[in-house]
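Undergrad: If you scroll down you'll find the structure; I have some questions about it.
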Amino acid sequence: MVFTSHMDLALSEARAAADRGEVPVGAVIVSPSGEVVARAGNRTREWNDPTAHAEIVALRAACAAAGSERLMGYDLYVTLEPCAMCAAALAAARINRIYYGASDPKSGGVAHGARVFDHSQAHHKPEVYDGIAEEECVELLKAFFAERR
């Protein structure tokens, strides 16, 4: 099987989030057959919902499409390292692989901070691949925050 990255779609969702005034994070969930089943950007401000991170919004849509709270064999592409909340939700959903772009030393929950998947309480430990389109993901975030300072 040939690897196909879907980070371009996640970046598109991140740009759309920035256009809405949201922190530019985008996520895409892909089925085991390679079909994009959900894509989303952050909507915390728009929905007044602190849980409306791109990963959670995409996870809800993918679970609804699958008719299950479990997404075994599904992969997530996200422009920023998931926070602890998102990582815990991804473990509960049994996401197979996580591909992320930019690391998040301040609020990340995978390689930094809580390191959710390293805890014995984690329901599931997905494969994690970082640095996918990292430069583009980092630049998008930097530009967004530079405009607000």
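Ligands are numbered from 1 in the order shown, residues from 1 within each chain, and chains are lettered A, B, ... in the order they appear in the structure tokens.
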Can you tell me, as a PDB file with all heavy atoms, in the first residue's frame, what residues are no more than 10 Å from Arg45 (chain A) when counting only C-alpha atoms, ignoring any on the same chain fewer than 6 positions away?
TA:
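As written to disk, around-v5.pdb reads:
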```
ATOM      1  N   ARG A  20     -12.188  32.340  10.147  1.00  0.00           N
ATOM      2  CA  ARG A  20     -13.316  32.532  11.068  1.00  0.00           C
ATOM      3  C   ARG A  20     -12.862  33.153  12.389  1.00  0.00           C
ATOM      4  O   ARG A  20     -13.660  33.306  13.306  1.00  0.00           O
ATOM      5  CB  ARG A  20     -13.993  31.182  11.369  1.00  0.00           C
ATOM      6  CG  ARG A  20     -14.699  30.527  10.219  1.00  0.00           C
ATOM      7  CD  ARG A  20     -15.523  29.318  10.666  1.00  0.00           C
ATOM      8  NE  ARG A  20     -14.774  28.294  11.370  1.00  0.00           N
ATOM      9  CZ  ARG A  20     -14.129  27.276  10.782  1.00  0.00           C
ATOM     10  NH1 ARG A  20     -14.140  27.144   9.477  1.00  0.00           N
ATOM     11  NH2 ARG A  20     -13.489  26.381  11.515  1.00  0.00           N
ATOM     12  N   GLY A  21     -11.554  33.430  12.530  1.00  0.00           N
ATOM     13  CA  GLY A  21     -11.025  33.993  13.764  1.00  0.00           C
ATOM     14  C   GLY A  21     -10.654  32.947  14.793  1.00  0.00           C
ATOM     15  O   GLY A  21     -10.368  33.279  15.939  1.00  0.00           O
ATOM     16  N   GLU A  22     -10.645  31.700  14.389  1.00  0.00           N
ATOM     17  CA  GLU A  22     -10.283  30.598  15.283  1.00  0.00           C
ATOM     18  C   GLU A  22      -8.787  30.314  15.176  1.00  0.00           C
ATOM     19  O   GLU A  22      -8.165  30.584  14.135  1.00  0.00           O
ATOM     20  CB  GLU A  22     -11.031  29.317  14.883  1.00  0.00           C
ATOM     21  CG  GLU A  22     -12.532  29.414  14.889  1.00  0.00           C
ATOM     22  CD  GLU A  22     -13.158  29.217  16.257  1.00  0.00           C
ATOM     23  OE1 GLU A  22     -12.433  28.956  17.234  1.00  0.00           O
ATOM     24  OE2 GLU A  22     -14.384  29.337  16.350  1.00  0.00           O
ATOM     25  N   VAL A  23      -8.199  29.728  16.212  1.00  0.00           N
ATOM     26  CA  VAL A  23      -6.817  29.272  16.118  1.00  0.00           C
ATOM     27  C   VAL A  23      -6.760  28.275  14.953  1.00  0.00           C
ATOM     28  O   VAL A  23      -7.588  27.360  14.878  1.00  0.00           O
ATOM     29  CB  VAL A  23      -6.352  28.619  17.441  1.00  0.00           C
ATOM     30  CG1 VAL A  23      -4.967  28.008  17.283  1.00  0.00           C
ATOM     31  CG2 VAL A  23      -6.369  29.644  18.571  1.00  0.00           C
ATOM     32  N   ALA A  52     -14.687  22.180  21.249  1.00  0.00           N
ATOM     33  CA  ALA A  52     -14.834  22.148  19.787  1.00  0.00           C
ATOM     34  C   ALA A  52     -13.494  22.320  19.066  1.00  0.00           C
ATOM     35  O   ALA A  52     -13.365  23.097  18.129  1.00  0.00           O
ATOM     36  CB  ALA A  52     -15.844  23.185  19.333  1.00  0.00           C
ATOM     37  N   HIS A  53     -12.497  21.565  19.523  1.00  0.00           N
ATOM     38  CA  HIS A  53     -11.214  21.516  18.827  1.00  0.00           C
ATOM     39  C   HIS A  53     -11.419  20.754  17.520  1.00  0.00           C
ATOM     40  O   HIS A  53     -12.330  19.919  17.406  1.00  0.00           O
ATOM     41  CB  HIS A  53     -10.170  20.791  19.669  1.00  0.00           C
ATOM     42  CG  HIS A  53      -9.740  21.551  20.875  1.00  0.00           C
ATOM     43  ND1 HIS A  53      -8.606  21.224  21.585  1.00  0.00           N
ATOM     44  CD2 HIS A  53     -10.280  22.624  21.519  1.00  0.00           C
ATOM     45  CE1 HIS A  53      -8.454  22.049  22.599  1.00  0.00           C
ATOM     46  NE2 HIS A  53      -9.464  22.907  22.588  1.00  0.00           N
TER      47      HIS A  53
END
```
Undergrad: If you run DSSP on the backbone here, which positions in region 9-140 of chain A get helix (DSSP H, G or I)? Please write them as a PyMOL selection string.
TA: chain A and resi 9-19+44-47+54-66+84-93+116-118+134-140
Undergrad: Could you work out how far CA of Val57 (chain A) lies from CA of Arg15 (chain A), giving the answer in Å with one decimal?
TA: 15.8 Å
Undergrad: Need the shell around Glu69 (chain A): protein/DNA/RNA residues with any atom at most 10 Å away, counting only C-alpha atoms. Skip same-chain ones fewer than 6 positions apart. Format as a PDB file with N, CA and C atoms, in the first residue's frame?
TA:
```
ATOM      1  N   LEU A  59     -13.858  14.012  14.931  1.00  0.00           N
ATOM      2  CA  LEU A  59     -14.134  12.725  15.574  1.00  0.00           C
ATOM      3  C   LEU A  59     -15.633  12.488  15.698  1.00  0.00           C
ATOM      4  N   ARG A  60     -16.365  13.495  16.109  1.00  0.00           N
ATOM      5  CA  ARG A  60     -17.827  13.371  16.219  1.00  0.00           C
ATOM      6  C   ARG A  60     -18.453  13.058  14.861  1.00  0.00           C
ATOM      7  N   ALA A  62     -16.969  11.696  12.203  1.00  0.00           N
ATOM      8  CA  ALA A  62     -16.545  10.369  11.735  1.00  0.00           C
ATOM      9  C   ALA A  62     -17.298   9.264  12.468  1.00  0.00           C
ATOM     10  N   CYS A  63     -17.491   9.417  13.769  1.00  0.00           N
ATOM     11  CA  CYS A  63     -18.247   8.420  14.540  1.00  0.00           C
ATOM     12  C   CYS A  63     -19.698   8.362  14.072  1.00  0.00           C
ATOM     13  N   ALA A  92      -9.917   6.850  23.244  1.00  0.00           N
ATOM     14  CA  ALA A  92     -11.215   6.221  23.512  1.00  0.00           C
ATOM     15  C   ALA A  92     -11.870   5.741  22.221  1.00  0.00           C
ATOM     16  N   ALA A  93     -11.654   6.471  21.130  1.00  0.00           N
ATOM     17  CA  ALA A  93     -12.233   6.092  19.833  1.00  0.00           C
ATOM     18  C   ALA A  93     -11.414   5.006  19.136  1.00  0.00           C
ATOM     19  N   ARG A  94     -10.250   4.704  19.670  1.00  0.00           N
ATOM     20  CA  ARG A  94      -9.364   3.679  19.103  1.00  0.00           C
ATOM     21  C   ARG A  94      -8.814   4.053  17.724  1.00  0.00           C
TER      22      ARG A  94
END
```
Undergrad: Please report, as a count of residues only, each residue of region 19-123 of chain A to which DSSP assigns strand (DSSP E or B) when run on this structure's backbone.
TA: 25
Undergrad: Could you pull the residues within 7 Å of Ile29 (chain A), counting only C-alpha atoms, minus those fewer than 5 positions along the same chain, as a PyMOL selection string?
TA: chain A and resi 36-39+58+62+74-77
Undergrad: For those residues, write N, CA, C and O atoms to a file as an mmCIF file, in the first residue's frame.
TA:
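Everything below was put into part-v8.cif:
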```cif
data_model
loop_
_atom_site.group_PDB
_atom_site.id
_atom_site.type_symbol
_atom_site.label_atom_id
_atom_site.label_comp_id
_atom_site.auth_asym_id
_atom_site.auth_seq_id
_atom_site.Cartn_x
_atom_site.Cartn_y
_atom_site.Cartn_z
ATOM 1 N N VAL A 36 -11.764 9.873 2.921
ATOM 2 C CA VAL A 36 -11.889 10.950 3.901
ATOM 3 C C VAL A 36 -13.334 10.944 4.383
ATOM 4 O O VAL A 36 -14.254 11.145 3.600
ATOM 5 N N VAL A 37 -13.524 10.683 5.680
ATOM 6 C CA VAL A 37 -14.880 10.592 6.221
ATOM 7 C C VAL A 37 -15.262 11.821 7.056
ATOM 8 O O VAL A 37 -16.440 12.027 7.336
ATOM 9 N N ALA A 38 -14.270 12.609 7.454
ATOM 10 C CA ALA A 38 -14.561 13.812 8.237
ATOM 11 C C ALA A 38 -13.398 14.780 8.116
ATOM 12 O O ALA A 38 -12.248 14.365 8.039
ATOM 13 N N ARG A 39 -13.741 16.054 8.101
ATOM 14 C CA ARG A 39 -12.730 17.104 8.098
ATOM 15 C C ARG A 39 -13.312 18.298 8.844
ATOM 16 O O ARG A 39 -14.495 18.587 8.724
ATOM 17 N N ALA A 58 -14.083 16.691 14.177
ATOM 18 C CA ALA A 58 -13.915 15.654 13.149
ATOM 19 C C ALA A 58 -14.248 14.268 13.709
ATOM 20 O O ALA A 58 -14.883 13.457 13.026
ATOM 21 N N ALA A 62 -16.969 11.696 12.203
ATOM 22 C CA ALA A 62 -16.545 10.369 11.735
ATOM 23 C C ALA A 62 -17.298 9.264 12.468
ATOM 24 O O ALA A 62 -17.710 8.273 11.845
ATOM 25 N N TYR A 74 -9.008 3.628 11.558
ATOM 26 C CA TYR A 74 -9.086 4.974 10.994
ATOM 27 C C TYR A 74 -7.839 5.773 11.385
ATOM 28 O O TYR A 74 -7.245 5.538 12.437
ATOM 29 N N ASP A 75 -7.477 6.734 10.544
ATOM 30 C CA ASP A 75 -6.317 7.578 10.792
ATOM 31 C C ASP A 75 -6.734 9.039 10.912
ATOM 32 O O ASP A 75 -7.707 9.464 10.281
ATOM 33 N N LEU A 76 -5.988 9.790 11.706
ATOM 34 C CA LEU A 76 -6.219 11.221 11.877
ATOM 35 C C LEU A 76 -5.012 11.995 11.371
ATOM 36 O O LEU A 76 -3.867 11.639 11.677
ATOM 37 N N TYR A 77 -5.276 13.040 10.609
ATOM 38 C CA TYR A 77 -4.261 14.007 10.201
ATOM 39 C C TYR A 77 -4.652 15.318 10.855
ATOM 40 O O TYR A 77 -5.792 15.768 10.703
#
```
Undergrad: Show me, as an MDAnalysis selection string, the residues that have an atom within 9 Å of Ile98 (chain A) when counting only C-alpha atoms, minus same-chain residues fewer than 5 positions from it.
TA: chainID A and resid 75:78 90 126:130
Undergrad: Of the residues A:Asp8, A:Glu81, A:Glu134, A:Glu55, which is the one nearest to Val116 (chain A), using only C-alpha atoms?
TA: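 Among the listed residues, A:Glu81 lies closest to Val116 (chain A).
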Undergrad: With only C-alpha atoms as the counted atoms, please give the residues lying no more than 9 Å from region 103-113 of chain A, apart from itself and same-chain residues fewer than 5 positions off, as a ChimeraX atom specification.
TA: /A:79-88,118,128,130-131,134,138
Undergrad: Could you tell me how far CA of Trp47 (chain A) lies from CA of Leu140 (chain A), in Å and to one decimal?
TA: 22.2 Å
Undergrad: Tell me, in Å to one decimal, how far CA of Ala66 (chain A) is from CA of Gly101 (chain A).
TA: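 Separating CA of Ala66 (chain A) from CA of Gly101 (chain A) is a distance of 25.7 Å.
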Undergrad: Counting only C-alpha atoms, what is within 8 Å of Ala91 (chain A), bar same-chain residues fewer than 5 positions away, as a count of residues only?
TA: 6
Undergrad: Quick one: of A:Ile56, A:Cys137, A:Ala27, A:Leu71, who's nearest to Ala89 (chain A), counting only C-alpha atoms?
TA: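 Of A:Ile56, A:Cys137, A:Ala27, A:Leu71, the one nearest Ala89 (chain A), counting only C-alpha atoms, is A:Ile56.
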